[in-house]
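Asks: One file is attached below, input36.csv, containing CSV, C-alpha atoms and all ligand atoms.
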chain,number,residue,atom,x,y,z
A,1,MET,CA,0.0,0.0,0.0
A,2,ALA,CA,1.4,3.4,-1.0
A,3,LYS,CA,1.6,5.8,2.0
A,4,TYR,CA,1.0,9.0,0.2
A,5,ASP,CA,-1.5,9.9,-2.6
A,6,ILE,CA,-0.4,12.5,-5.0
A,7,ALA,CA,-3.0,14.2,-7.2
A,8,VAL,CA,-1.4,14.8,-10.6
A,9,ILE,CA,-2.8,17.3,-13.1
A,10,GLU,CA,-0.7,17.4,-16.3
A,11,GLY,CA,-2.6,20.3,-17.8
A,12,ASP,CA,-1.8,21.9,-21.2
A,13,GLY,CA,1.1,22.7,-23.5
A,14,ILE,CA,4.3,21.4,-22.1
A,15,GLY,CA,2.4,20.3,-19.0
A,16,PRO,CA,2.1,16.5,-19.9
A,17,GLU,CA,5.8,16.0,-20.9
A,18,ILE,CA,7.3,17.8,-17.9
A,19,THR,CA,4.9,16.0,-15.6
A,20,GLN,CA,5.8,12.6,-17.0
A,21,SER,CA,9.5,13.5,-16.6
A,22,THR,CA,9.0,14.5,-13.0
A,23,LEU,CA,7.0,11.2,-12.3
A,24,SER,CA,10.0,9.3,-13.7
A,25,VAL,CA,12.3,11.1,-11.3
A,26,LEU,CA,10.0,10.5,-8.4
A,27,ARG,CA,9.6,6.8,-9.2
A,28,THR,CA,13.4,6.5,-9.3
A,29,VAL,CA,14.0,8.2,-6.0
A,30,CYS,CA,11.0,6.8,-4.0
A,31,SER,CA,10.1,3.2,-3.5
A,32,SER,CA,7.0,1.9,-5.3
A,33,ASP,CA,5.1,1.6,-2.1
A,34,CYS,CA,5.7,5.2,-1.1
A,35,LEU,CA,3.8,7.4,-3.6
A,36,ASN,CA,0.5,6.6,-5.3
A,37,PHE,CA,0.0,8.9,-8.4
A,38,LEU,CA,-3.7,9.8,-9.1
A,39,THR,CA,-3.8,11.4,-12.5
A,40,VAL,CA,-6.8,13.7,-13.0
A,41,GLU,CA,-8.1,16.0,-15.7
A,42,GLY,CA,-8.0,19.8,-15.7
A,43,GLY,CA,-6.9,22.8,-17.7
A,44,ALA,CA,-7.7,24.8,-20.8
A,45,SER,CA,-8.0,21.9,-23.2
A,46,HIS,CA,-10.2,20.0,-20.8
A,47,PHE,CA,-12.3,23.1,-20.6
A,48,GLN,CA,-12.7,23.1,-24.4
A,49,LYS,CA,-14.0,19.5,-24.2
A,50,SER,CA,-16.1,19.7,-21.2
A,51,GLY,CA,-16.7,23.4,-20.2
A,52,GLU,CA,-14.9,22.8,-16.9
A,53,VAL,CA,-11.3,23.9,-16.1
A,54,LEU,CA,-11.4,22.1,-12.7
A,55,PRO,CA,-13.9,19.3,-12.7
A,56,GLN,CA,-15.5,18.5,-9.3
A,57,GLU,CA,-13.9,15.0,-9.3
A,58,THR,CA,-10.5,16.5,-9.8
A,59,PHE,CA,-11.1,18.9,-7.0
A,60,GLU,CA,-12.1,16.1,-4.7
A,61,VAL,CA,-9.0,14.0,-5.5
A,62,CYS,CA,-6.9,17.1,-4.9
A,63,GLN,CA,-8.6,17.8,-1.6
A,64,GLN,CA,-8.2,14.2,-0.4
A,65,SER,CA,-4.6,13.7,-1.5
A,66,HIS,CA,-1.5,14.4,0.5
A,67,ALA,CA,-0.2,16.8,-2.2
A,68,ILE,CA,-1.0,18.1,-5.7
A,69,LEU,CA,1.6,18.0,-8.5
A,70,HIS,CA,0.7,20.2,-11.5
A,71,GLY,CA,2.5,20.6,-14.9
A,72,ALA,CA,1.1,23.8,-16.3
A,73,ALA,CA,-2.2,25.1,-17.6
A,74,GLY,CA,-3.4,27.6,-20.3
A,75,LEU,CA,-3.8,27.8,-24.0
A,76,PRO,CA,-3.7,30.9,-26.2
A,77,GLY,CA,-7.1,32.1,-27.1
A,78,VAL,CA,-8.9,29.9,-24.5
A,79,THR,CA,-10.4,32.8,-22.5
A,80,TYR,CA,-13.6,33.6,-20.7
A,81,PRO,CA,-16.0,36.3,-22.2
A,82,ASP,CA,-14.3,39.0,-20.0
A,83,GLY,CA,-10.9,38.2,-21.7
A,84,THR,CA,-9.3,36.5,-18.7
A,85,GLU,CA,-7.4,33.2,-19.3
A,86,VAL,CA,-9.2,30.0,-18.6
A,87,GLY,CA,-6.0,28.1,-17.8
A,88,ASN,CA,-5.0,30.3,-14.9
A,89,ASP,CA,-8.3,29.5,-13.3
A,90,LEU,CA,-7.2,25.9,-12.6
A,91,HIS,CA,-4.7,26.8,-9.9
A,92,LEU,CA,-6.5,29.9,-8.8
A,93,LYS,CA,-9.6,27.8,-8.0
A,94,LEU,CA,-7.4,25.3,-6.1
A,95,ARG,CA,-5.5,28.2,-4.4
A,96,PHE,CA,-8.7,29.8,-3.0
A,97,GLN,CA,-10.8,26.7,-2.4
A,98,LEU,CA,-7.9,25.0,-0.5
A,99,ASP,CA,-6.7,28.3,1.1
A,100,LEU,CA,-3.1,28.0,-0.2
A,101,PHE,CA,-2.0,31.3,1.4
A,102,ALA,CA,1.8,31.1,1.0
A,103,ASN,CA,3.5,31.0,-2.4
A,104,VAL,CA,7.0,29.8,-1.8
A,105,ARG,CA,9.5,30.8,-4.6
A,106,PRO,CA,13.1,29.7,-3.9
A,107,ILE,CA,15.6,31.9,-5.8
A,108,LYS,CA,18.8,29.8,-6.0
A,109,LEU,CA,21.6,30.0,-8.5
A,110,TYR,CA,23.0,26.5,-9.3
A,111,PRO,CA,26.6,26.0,-10.2
A,112,GLY,CA,26.9,25.8,-13.9
A,113,VAL,CA,23.9,28.1,-14.6
A,114,HIS,CA,24.7,31.5,-16.0
A,115,SER,CA,23.1,34.4,-14.2
A,116,PRO,CA,22.8,37.7,-16.0
A,117,LEU,CA,24.2,39.2,-12.8
A,118,ASN,CA,27.2,37.0,-12.9
A,119,THR,CA,29.7,38.8,-15.1
A,120,ASP,CA,32.7,37.4,-13.2
A,121,ASP,CA,31.3,34.2,-11.7
A,122,THR,CA,31.4,35.6,-8.1
A,123,VAL,CA,27.7,36.2,-7.5
A,124,ALA,CA,26.0,33.8,-5.1
A,125,ILE,CA,22.2,33.7,-4.8
A,126,ASP,CA,20.1,31.6,-2.4
A,127,TYR,CA,17.0,33.2,-0.9
A,128,VAL,CA,13.3,32.5,-0.8
A,129,ILE,CA,10.4,34.8,-1.6
A,130,ILE,CA,7.2,34.2,0.2
A,131,ARG,CA,4.3,35.8,-1.7
A,132,GLU,CA,1.0,36.2,0.1
A,133,ASN,CA,-1.3,34.3,-2.1
A,134,THR,CA,-4.9,34.9,-1.2
A,135,GLU,CA,-5.5,38.6,-0.7
A,136,GLY,CA,-3.7,41.9,-1.5
A,137,LEU,CA,-4.6,43.6,-4.8
A,138,TYR,CA,-5.5,40.3,-6.5
A,139,ALA,CA,-8.2,39.7,-3.9
A,140,SER,CA,-10.3,42.0,-6.2
A,141,ARG,CA,-10.0,39.6,-9.2
A,142,GLY,CA,-13.4,39.5,-10.8
A,143,GLY,CA,-14.7,41.9,-8.2
A,144,GLY,CA,-13.5,45.3,-9.6
A,145,ILE,CA,-15.9,47.7,-11.2
A,146,VAL,CA,-15.8,49.1,-14.7
A,147,LEU,CA,-18.4,52.0,-14.7
A,148,ARG,CA,-19.9,53.3,-17.9
A,149,GLU,CA,-16.6,52.4,-19.7
A,150,GLU,CA,-15.3,55.5,-18.0
A,151,VAL,CA,-14.0,54.5,-14.6
A,152,ALA,CA,-12.4,51.2,-13.4
A,153,THR,CA,-11.4,50.2,-9.9
A,154,ASP,CA,-9.8,47.3,-8.1
A,155,THR,CA,-9.4,47.4,-4.3
A,156,LEU,CA,-6.4,46.2,-2.3
A,157,VAL,CA,-7.5,44.1,0.7
A,158,VAL,CA,-5.3,42.9,3.5
A,159,THR,CA,-6.4,41.4,6.7
A,160,ARG,CA,-4.7,40.9,10.1
A,161,LYS,CA,-5.2,37.1,9.8
A,162,GLY,CA,-3.8,37.0,6.3
A,163,ILE,CA,-0.7,39.1,7.1
A,164,GLU,CA,-0.1,37.3,10.4
A,165,ARG,CA,-0.1,33.8,8.9
A,166,VAL,CA,2.1,34.6,5.9
A,167,ALA,CA,4.5,36.6,8.1
A,168,ARG,CA,4.7,33.7,10.6
A,169,PHE,CA,5.3,31.4,7.7
A,170,ALA,CA,8.2,33.6,6.5
A,171,PHE,CA,9.8,33.7,10.0
A,172,ASP,CA,9.4,30.0,10.6
A,173,LEU,CA,11.1,29.4,7.3
A,174,ALA,CA,14.0,31.7,8.2
A,175,THR,CA,14.4,29.8,11.5
A,176,LYS,CA,15.0,26.6,9.5
A,177,ARG,CA,17.4,28.2,7.0
A,178,ASN,CA,21.1,29.1,7.5
A,179,GLY,CA,20.7,32.9,7.0
A,180,ALA,CA,21.8,35.2,4.2
A,181,LEU,CA,24.8,34.2,2.1
A,182,ARG,CA,26.4,37.6,2.7
A,183,ASP,CA,26.6,37.6,6.5
A,184,GLY,CA,24.9,34.4,7.7
A,185,LYS,CA,22.2,36.5,9.4
A,186,ARG,CA,18.7,35.1,9.6
A,187,ARG,CA,16.7,37.8,8.1
A,188,VAL,CA,13.1,38.5,6.9
A,189,THR,CA,12.7,41.4,4.6
A,190,VAL,CA,9.2,42.9,4.4
A,191,CYS,CA,8.6,44.2,0.8
A,192,ASP,CA,5.8,46.8,0.7
A,193,LYS,CA,5.0,50.5,-0.1
A,194,ALA,CA,4.4,51.5,3.5
A,195,ASN,CA,5.5,55.0,2.6
A,196,ILE,CA,2.6,55.5,0.2
A,197,LEU,CA,-0.4,53.4,1.1
A,198,ARG,CA,-2.1,52.7,4.5
A,199,SER,CA,-2.7,49.1,3.5
A,200,TYR,CA,1.0,48.5,3.1
A,201,ALA,CA,1.8,50.4,6.4
A,202,PHE,CA,-0.6,48.0,8.1
A,203,PHE,CA,1.1,45.0,6.3
A,204,ARG,CA,4.4,46.2,7.8
A,205,ALA,CA,3.0,46.9,11.2
A,206,VAL,CA,1.5,43.4,11.5
A,207,CYS,CA,4.8,41.9,10.3
A,208,ASP,CA,6.6,43.9,13.0
A,209,GLU,CA,4.2,42.4,15.6
A,210,VAL,CA,4.9,38.9,14.4
A,211,ALA,CA,8.7,39.6,14.4
A,212,LYS,CA,8.6,40.0,18.2
A,213,ASP,CA,8.1,36.3,18.6
A,214,TYR,CA,11.3,35.5,16.7
A,215,SER,CA,14.2,37.1,18.6
A,216,GLY,CA,16.9,35.4,16.6
A,217,ILE,CA,15.7,36.8,13.2
A,218,GLU,CA,16.5,40.3,11.9
A,219,ILE,CA,13.5,42.1,10.4
A,220,ASP,CA,14.4,44.3,7.4
A,221,TYR,CA,12.2,46.5,5.2
A,222,ALA,CA,12.4,47.3,1.5
A,223,TYR,CA,10.0,49.3,-0.7
A,224,ALA,CA,8.8,47.3,-3.7
A,225,ASP,CA,10.5,49.7,-6.1
A,226,ALA,CA,13.8,49.7,-4.2
A,227,ILE,CA,14.0,46.0,-3.8
A,228,THR,CA,14.1,45.5,-7.6
A,229,VAL,CA,17.4,47.3,-7.5
A,230,HIS,CA,18.7,45.5,-4.4
A,231,MET,CA,17.8,42.1,-5.8
A,232,ILE,CA,20.1,42.9,-8.8
A,233,LYS,CA,22.9,44.7,-6.9
A,234,ARG,CA,23.1,42.6,-3.7
A,235,PRO,CA,21.1,39.4,-4.0
A,236,ASP,CA,23.3,37.7,-1.3
A,237,PHE,CA,21.9,40.1,1.3
A,238,TYR,CA,18.5,38.3,1.2
A,239,ASP,CA,17.4,35.3,3.2
A,240,VAL,CA,13.6,35.3,3.2
A,241,ILE,CA,11.5,38.1,1.6
A,242,VAL,CA,7.7,38.3,2.4
A,243,ALA,CA,5.5,40.4,0.1
A,244,GLU,CA,1.9,41.3,-0.6
A,245,ASN,CA,0.3,39.3,-3.4
A,246,MET,CA,1.0,41.5,-6.4
A,247,PHE,CA,4.4,42.7,-5.3
A,248,GLY,CA,5.3,39.0,-4.6
A,249,ASP,CA,4.1,38.0,-8.1
A,250,ILE,CA,6.3,40.6,-9.7
A,251,ILE,CA,9.5,40.3,-7.7
A,252,SER,CA,9.4,36.5,-7.7
A,253,ASP,CA,9.6,36.5,-11.6
A,254,LEU,CA,12.4,39.1,-11.3
A,255,GLY,CA,14.2,36.8,-8.9
A,256,ALA,CA,13.7,33.8,-11.3
A,257,ALA,CA,15.4,35.8,-14.1
A,258,THR,CA,18.5,36.3,-12.0
A,259,VAL,CA,19.0,32.6,-11.5
A,260,GLY,CA,18.4,31.3,-15.1
A,261,GLY,CA,14.7,32.0,-15.7
A,262,MET,CA,11.3,30.4,-15.2
A,263,GLY,CA,12.3,27.0,-16.6
A,264,ILE,CA,14.5,26.3,-13.5
A,265,SER,CA,12.4,28.0,-10.9
A,266,PRO,CA,10.1,25.9,-8.7
A,267,SER,CA,7.1,27.0,-6.8
A,268,ALA,CA,5.0,25.7,-3.9
A,269,GLU,CA,1.6,27.1,-2.9
A,270,LEU,CA,0.9,26.0,0.7
A,271,GLY,CA,-1.9,26.2,3.2
A,272,ASP,CA,-2.3,24.7,6.6
A,273,PHE,CA,-3.6,21.4,5.1
A,274,HIS,CA,-2.9,21.3,1.4
A,275,GLY,CA,0.1,22.0,-1.0
A,276,LEU,CA,0.2,22.5,-4.7
A,277,PHE,CA,3.5,22.2,-6.5
A,278,GLN,CA,4.3,23.4,-10.1
A,279,GLY,CA,7.1,25.1,-11.9
A,280,ALA,CA,7.0,28.9,-12.0
A,281,HIS,CA,6.6,29.0,-15.8
A,282,GLY,CA,3.5,28.7,-17.9
A,283,SER,CA,2.4,26.1,-20.4
A,284,ALA,CA,4.8,27.4,-23.2
A,285,PRO,CA,2.5,26.2,-26.0
A,286,ASP,CA,5.1,27.3,-28.6
A,287,ILE,CA,7.4,24.4,-27.7
A,288,ALA,CA,4.7,21.9,-26.6
A,289,GLY,CA,5.1,18.3,-27.7
A,290,GLN,CA,8.6,18.8,-29.2
A,291,ASN,CA,10.5,17.2,-26.4
A,292,VAL,CA,12.5,20.4,-25.9
A,293,ALA,CA,10.9,21.8,-22.7
A,294,SER,CA,13.0,21.8,-19.5
A,295,PRO,CA,11.4,19.7,-16.8
A,296,ILE,CA,13.8,21.1,-14.1
A,297,ALA,CA,11.3,23.6,-12.5
A,298,THR,CA,8.7,20.9,-12.1
A,299,ILE,CA,11.3,18.4,-10.8
A,300,LEU,CA,12.5,20.9,-8.2
A,301,SER,CA,8.9,21.6,-7.3
A,302,ALA,CA,8.5,17.9,-6.7
A,303,ALA,CA,11.5,18.1,-4.3
A,304,LEU,CA,9.7,20.9,-2.5
A,305,MET,CA,6.7,18.6,-2.3
A,306,LEU,CA,8.6,15.8,-0.8
A,307,ARG,CA,10.2,18.1,1.8
A,308,TRP,CA,6.9,19.6,2.7
A,309,MET,CA,5.3,16.2,3.1
A,310,GLY,CA,8.4,14.9,5.0
A,311,ASP,CA,8.1,17.8,7.5
A,312,ARG,CA,4.3,17.4,7.9
A,313,HIS,CA,4.3,13.7,8.4
A,314,MET,CA,7.7,13.5,10.1
A,315,ASP,CA,8.9,11.1,7.5
A,316,ASN,CA,12.6,11.4,6.9
A,317,THR,CA,12.6,9.2,3.9
A,318,LEU,CA,10.8,11.9,2.0
A,319,ASN,CA,13.2,14.7,3.2
A,320,ASP,CA,16.0,12.4,2.1
A,321,ALA,CA,14.4,11.9,-1.3
A,322,ALA,CA,14.0,15.7,-1.7
A,323,ARG,CA,17.7,16.2,-0.9
A,324,ARG,CA,18.7,13.5,-3.5
A,325,ILE,CA,16.6,15.1,-6.2
A,326,GLU,CA,18.1,18.5,-5.6
A,327,ALA,CA,21.6,17.1,-5.4
A,328,ALA,CA,21.0,15.3,-8.7
A,329,VAL,CA,19.8,18.4,-10.5
A,330,GLU,CA,22.8,20.3,-9.1
A,331,GLN,CA,25.2,17.6,-10.3
A,332,VAL,CA,23.7,17.5,-13.8
A,333,LEU,CA,23.8,21.3,-14.1
A,334,ALA,CA,27.3,21.6,-12.7
A,335,LYS,CA,28.7,18.9,-15.1
A,336,GLY,CA,27.5,21.0,-18.0
A,337,GLU,CA,27.1,18.1,-20.5
A,338,ILE,CA,23.3,18.2,-20.4
A,339,ILE,CA,22.1,21.8,-20.8
A,340,PRO,CA,18.4,22.7,-21.2
A,341,ARG,CA,17.5,24.8,-24.1
A,342,ASP,CA,16.3,27.7,-22.0
A,343,LEU,CA,19.7,27.8,-20.3
A,344,GLY,CA,21.5,28.0,-23.6
A,345,GLY,CA,22.0,24.3,-24.5
A,346,ASN,CA,20.1,21.9,-26.6
A,347,ALA,CA,19.3,18.9,-24.4
A,348,THR,CA,15.9,17.4,-24.9
A,349,CYS,CA,13.3,16.9,-22.1
A,350,SER,CA,14.1,13.1,-22.2
A,351,GLU,CA,17.8,13.6,-22.0
A,352,ILE,CA,17.5,15.9,-19.0
A,353,THR,CA,15.1,13.4,-17.3
A,354,GLY,CA,17.5,10.5,-18.0
A,355,ALA,CA,20.5,12.4,-16.7
A,356,ILE,CA,18.7,13.4,-13.5
A,357,CYS,CA,17.3,9.8,-13.0
A,358,SER,CA,20.9,8.4,-13.4
A,359,ALA,CA,22.2,11.0,-10.9
A,360,VAL,CA,19.7,10.1,-8.2
A,361,GLY,CA,19.7,6.4,-8.9
A,401,LIG,P1,1.9,32.2,-18.1
A,401,LIG,O1,1.3,33.5,-18.4
A,401,LIG,O2,1.0,31.0,-18.3
A,401,LIG,O3,2.6,32.1,-16.8
A,401,LIG,P2,3.8,33.0,-20.0
A,401,LIG,O4,3.0,33.5,-21.1
A,401,LIG,O5,4.5,34.0,-19.1
A,401,LIG,O6,3.0,31.9,-19.2
A,401,LIG,P3,5.5,30.7,-20.4
A,401,LIG,O7,4.5,29.7,-20.8
A,401,LIG,O8,6.0,30.6,-19.0
A,401,LIG,O9,4.9,32.2,-20.7
A,401,LIG,O10,6.7,30.7,-21.3
A,401,LIG,C1,7.3,31.8,-22.0
A,401,LIG,C2,8.3,31.2,-22.9
A,401,LIG,O11,9.4,30.7,-22.2
A,401,LIG,C3,7.8,30.0,-23.6
A,401,LIG,O12,7.1,30.4,-24.8
A,401,LIG,C4,9.0,29.1,-23.9
A,401,LIG,O13,9.6,29.4,-25.1
A,401,LIG,C5,9.9,29.5,-22.7
A,401,LIG,N1,9.7,28.5,-21.6
A,401,LIG,C6,8.8,28.5,-20.6
A,401,LIG,N2,8.9,27.4,-19.8
A,401,LIG,C7,9.9,26.6,-20.4
A,401,LIG,C8,10.5,25.4,-20.0
A,401,LIG,N3,10.1,24.7,-19.0
A,401,LIG,N4,11.5,24.9,-20.8
A,401,LIG,C9,11.9,25.6,-21.9
A,401,LIG,N5,11.4,26.8,-22.3
A,401,LIG,C10,10.4,27.3,-21.5
Once more with this new file: its structure as structure tokens, please.
Ligand code: ATP

Replies:
Amino acid sequence: MAKYDIAVIEGDGIGPEITQSTLSVLRTVCSSDCLNFLTVEGGASHFQKSGEVLPQETFEVCQQSHAILHGAAGLPGVTYPDGTEVGNDLHLKLRFQLDLFANVRPIKLYPGVHSPLNTDDTVAIDYVIIRENTEGLYASRGGGIVLREEVATDTLVVTRKGIERVARFAFDLATKRNGALRDGKRRVTVCDKANILRSYAFFRAVCDEVAKDYSGIEIDYAYADAITVHMIKRPDFYDVIVAENMFGDIISDLGAATVGGMGISPSAELGDFHGLFQGAHGSAPDIAGQNVASPIATILSAALMLRWMGDRHMDNTLNDAARRIEAAVEQVLAKGEIIPRDLGGNATCSEITGAICSAVG
């Protein structure tokens, strides 16, 4: 009997190939009685067939599983009447219905990967952005007003509960990490615009309150505009950054660009009871089905999944499997023989998968 059920939604575009690649890695690293993969439908192409992006059966499997692994969803031109993309709705529905309030975006530069910041190979980058995932400006999605085609509004909403829990998540994470690369200090940087808007001043004030419970961790502040400069000029200063939803969305993609791009950047969306894991990139329909997509972001997301389940269920075999996957990715990238297309090489999805499976095996 497998101990853990994993709901698997392959999705659209490159979703199926990168998901299959990731399942191969998981099957190599975990014993056959450990993980039970439950593949379920969902995404833009499923919407075209059935009118549903997230069927009820898929939702129930996701809700009842120990974790959710997702490839990517979305197809060009598959939109709702208001112009918004259908594909995005898959993980947005899961995010809100399962209350996945913390979006974890590790920003780590692997040896062998070129960073646009690394002109002389001395830049080291290893920090984590925690994006508040359920409120902020995006809480208004679908709820804004367009009046007489003259005036449009969306409202930024933050709550004490929402800020407290994401701030606590960030501080707890900083407790487990080894501090910033620059000085070894455990540090949580609050990214906001407290100088301009009351909502952001409140965000900062609640983070300050939470910080009082974590005496060993430095609290630091950065305005959202200024942090875009600091992330480029002194990335090694950062350890954990916590940000309101929209700011977190923007700076986490900027961070990804500094370590090789979206094809290598994993993501986890976590709540108190559920976790959804997928690469930071979209469904890249332009390269779908050609065996050229990089599965690395999804494979690293699967490592986040194993670590999250390992911590939750106090199962060290899962933490160990997560470490082995990350070490295998690191080894393959450092060797430099198998280089994904988006990192400047020409390795196929199958070649990358094979190399990572050999390295963990
Ligand atoms: P979304 O809006 O759904 O997040 P997007 O429009 O920002 O997606 P992506 O689908 O993430 O765009 O991809 C942008 C481009 O980057 C793709 O067209 C593709 O060429 C490249 N790309 C994205 N992901 C990968 C990957 N895993 N491997 C290789 N190339 C990729």

Asks: Using only C-alpha atoms and all ligand atoms, which residues have at least one atom no more than 9 Å from ligand LIG 401 (chain A)? Output them as number ranges by chain.

Replies: A: 13-15, 18, 72-76, 85, 87-88, 261-264, 279-288, 292-298, 340-343, 349

Asks: Could you pull the residues within 6 Å of Tyr127 (chain A), counting all atoms listed in the file, minus those fewer than 2 positions along the same chain, as a ChimeraX atom specification?

Replies: /A:107,238-240

Asks: Need to verify the contact set: Gly142 (chain A), 10 Å, all atoms listed in the file, exclusion of same-chain residues closer than 5 positions in sequence. Can you return it as a ChimeraX atom specification?

Replies: /A:82,84,154

Asks: What are the closest atom pairs, with distances in Å to one decimal, for each residue of region 30-138 of chain A lying within 8 Å of region 309-324 of chain A, using only C-alpha atoms, rows by chain and rising residue number, as a tab-separated table?

Replies:
residue	atom	partner	partner_atom	distance
A:Cys30	CA	A:Ala321	CA	6.7
A:His66	CA	A:Met309	CA	7.5
A:Ala67	CA	A:Met309	CA	7.7

Asks: Env of Thr155 (chain A): 10 Å cut, atoms = all atoms listed in the file, seq-sep filter 2 positions within chain, self excluded. Answer as a PyMOL selection string.

Replies: chain A and resi 136-141+143-145+153+157-158

Asks: Kindly give the distance, in Å, that separates CA of Lys93 (chain A) and CA of Glu269 (chain A), rounded to a single decimal.

Replies: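 According to the coordinates, CA of Lys93 (chain A) and CA of Glu269 (chain A) are separated by 12.3 Å.
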
Asks: Just checking: using only C-alpha atoms, which residue out of A:Arg131, A:His230, A:Arg187, A:His274 ends up closest to Phe171 (chain A)?

Replies: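 Of A:Arg131, A:His230, A:Arg187, A:His274, the one nearest Phe171 (chain A), counting only C-alpha atoms, is A:Arg187.
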
Asks: Could N, CA, C and O atoms be built for region 74-87 of chain A and written out as a tab-separated table (two decimals), in the frame of the given file?

Replies:
chain	number	residue	atom	x	y	z
A	74	GLY	N	-3.11	26.35	-19.49
A	74	GLY	CA	-3.40	27.60	-20.30
A	74	GLY	C	-3.07	27.34	-21.74
A	74	GLY	O	-2.08	26.70	-22.08
A	75	LEU	N	-3.97	27.84	-22.58
A	75	LEU	CA	-3.80	27.80	-24.00
A	75	LEU	C	-4.13	29.14	-24.61
A	75	LEU	O	-5.13	29.74	-24.19
A	76	PRO	N	-3.35	29.63	-25.59
A	76	PRO	CA	-3.70	30.90	-26.20
A	76	PRO	C	-5.07	30.93	-26.77
A	76	PRO	O	-5.47	29.95	-27.40
A	77	GLY	N	-5.81	31.97	-26.53
A	77	GLY	CA	-7.10	32.10	-27.10
A	77	GLY	C	-8.23	31.40	-26.34
A	77	GLY	O	-9.42	31.60	-26.62
A	78	VAL	N	-7.88	30.57	-25.36
A	78	VAL	CA	-8.90	29.90	-24.50
A	78	VAL	C	-9.18	30.85	-23.35
A	78	VAL	O	-8.48	30.81	-22.33
A	79	THR	N	-10.17	31.72	-23.54
A	79	THR	CA	-10.40	32.80	-22.50
A	79	THR	C	-11.93	32.78	-22.19
A	79	THR	O	-12.77	32.29	-22.95
A	80	TYR	N	-12.24	33.38	-21.07
A	80	TYR	CA	-13.60	33.60	-20.70
A	80	TYR	C	-14.13	34.87	-21.45
A	80	TYR	O	-13.31	35.64	-22.01
A	81	PRO	N	-15.43	35.11	-21.45
A	81	PRO	CA	-16.00	36.30	-22.20
A	81	PRO	C	-15.33	37.60	-21.72
A	81	PRO	O	-15.21	38.54	-22.53
A	82	ASP	N	-14.87	37.71	-20.46
A	82	ASP	CA	-14.30	39.00	-20.00
A	82	ASP	C	-12.80	39.10	-20.43
A	82	ASP	O	-12.13	40.08	-20.09
A	83	GLY	N	-12.29	38.10	-21.16
A	83	GLY	CA	-10.90	38.20	-21.70
A	83	GLY	C	-9.89	37.51	-20.80
A	83	GLY	O	-8.75	37.33	-21.22
A	84	THR	N	-10.25	37.13	-19.57
A	84	THR	CA	-9.30	36.50	-18.70
A	84	THR	C	-9.01	35.05	-19.14
A	84	THR	O	-9.90	34.41	-19.72
A	85	GLU	N	-7.80	34.56	-18.85
A	85	GLU	CA	-7.40	33.20	-19.30
A	85	GLU	C	-8.04	32.11	-18.52
A	85	GLU	O	-8.00	32.14	-17.29
A	86	VAL	N	-8.56	31.13	-19.22
A	86	VAL	CA	-9.20	30.00	-18.60
A	86	VAL	C	-8.14	29.17	-17.79
A	86	VAL	O	-8.36	28.76	-16.65
A	87	GLY	N	-6.98	28.94	-18.41
A	87	GLY	CA	-6.00	28.10	-17.80
A	87	GLY	C	-5.57	28.47	-16.41
A	87	GLY	O	-5.46	27.64	-15.51
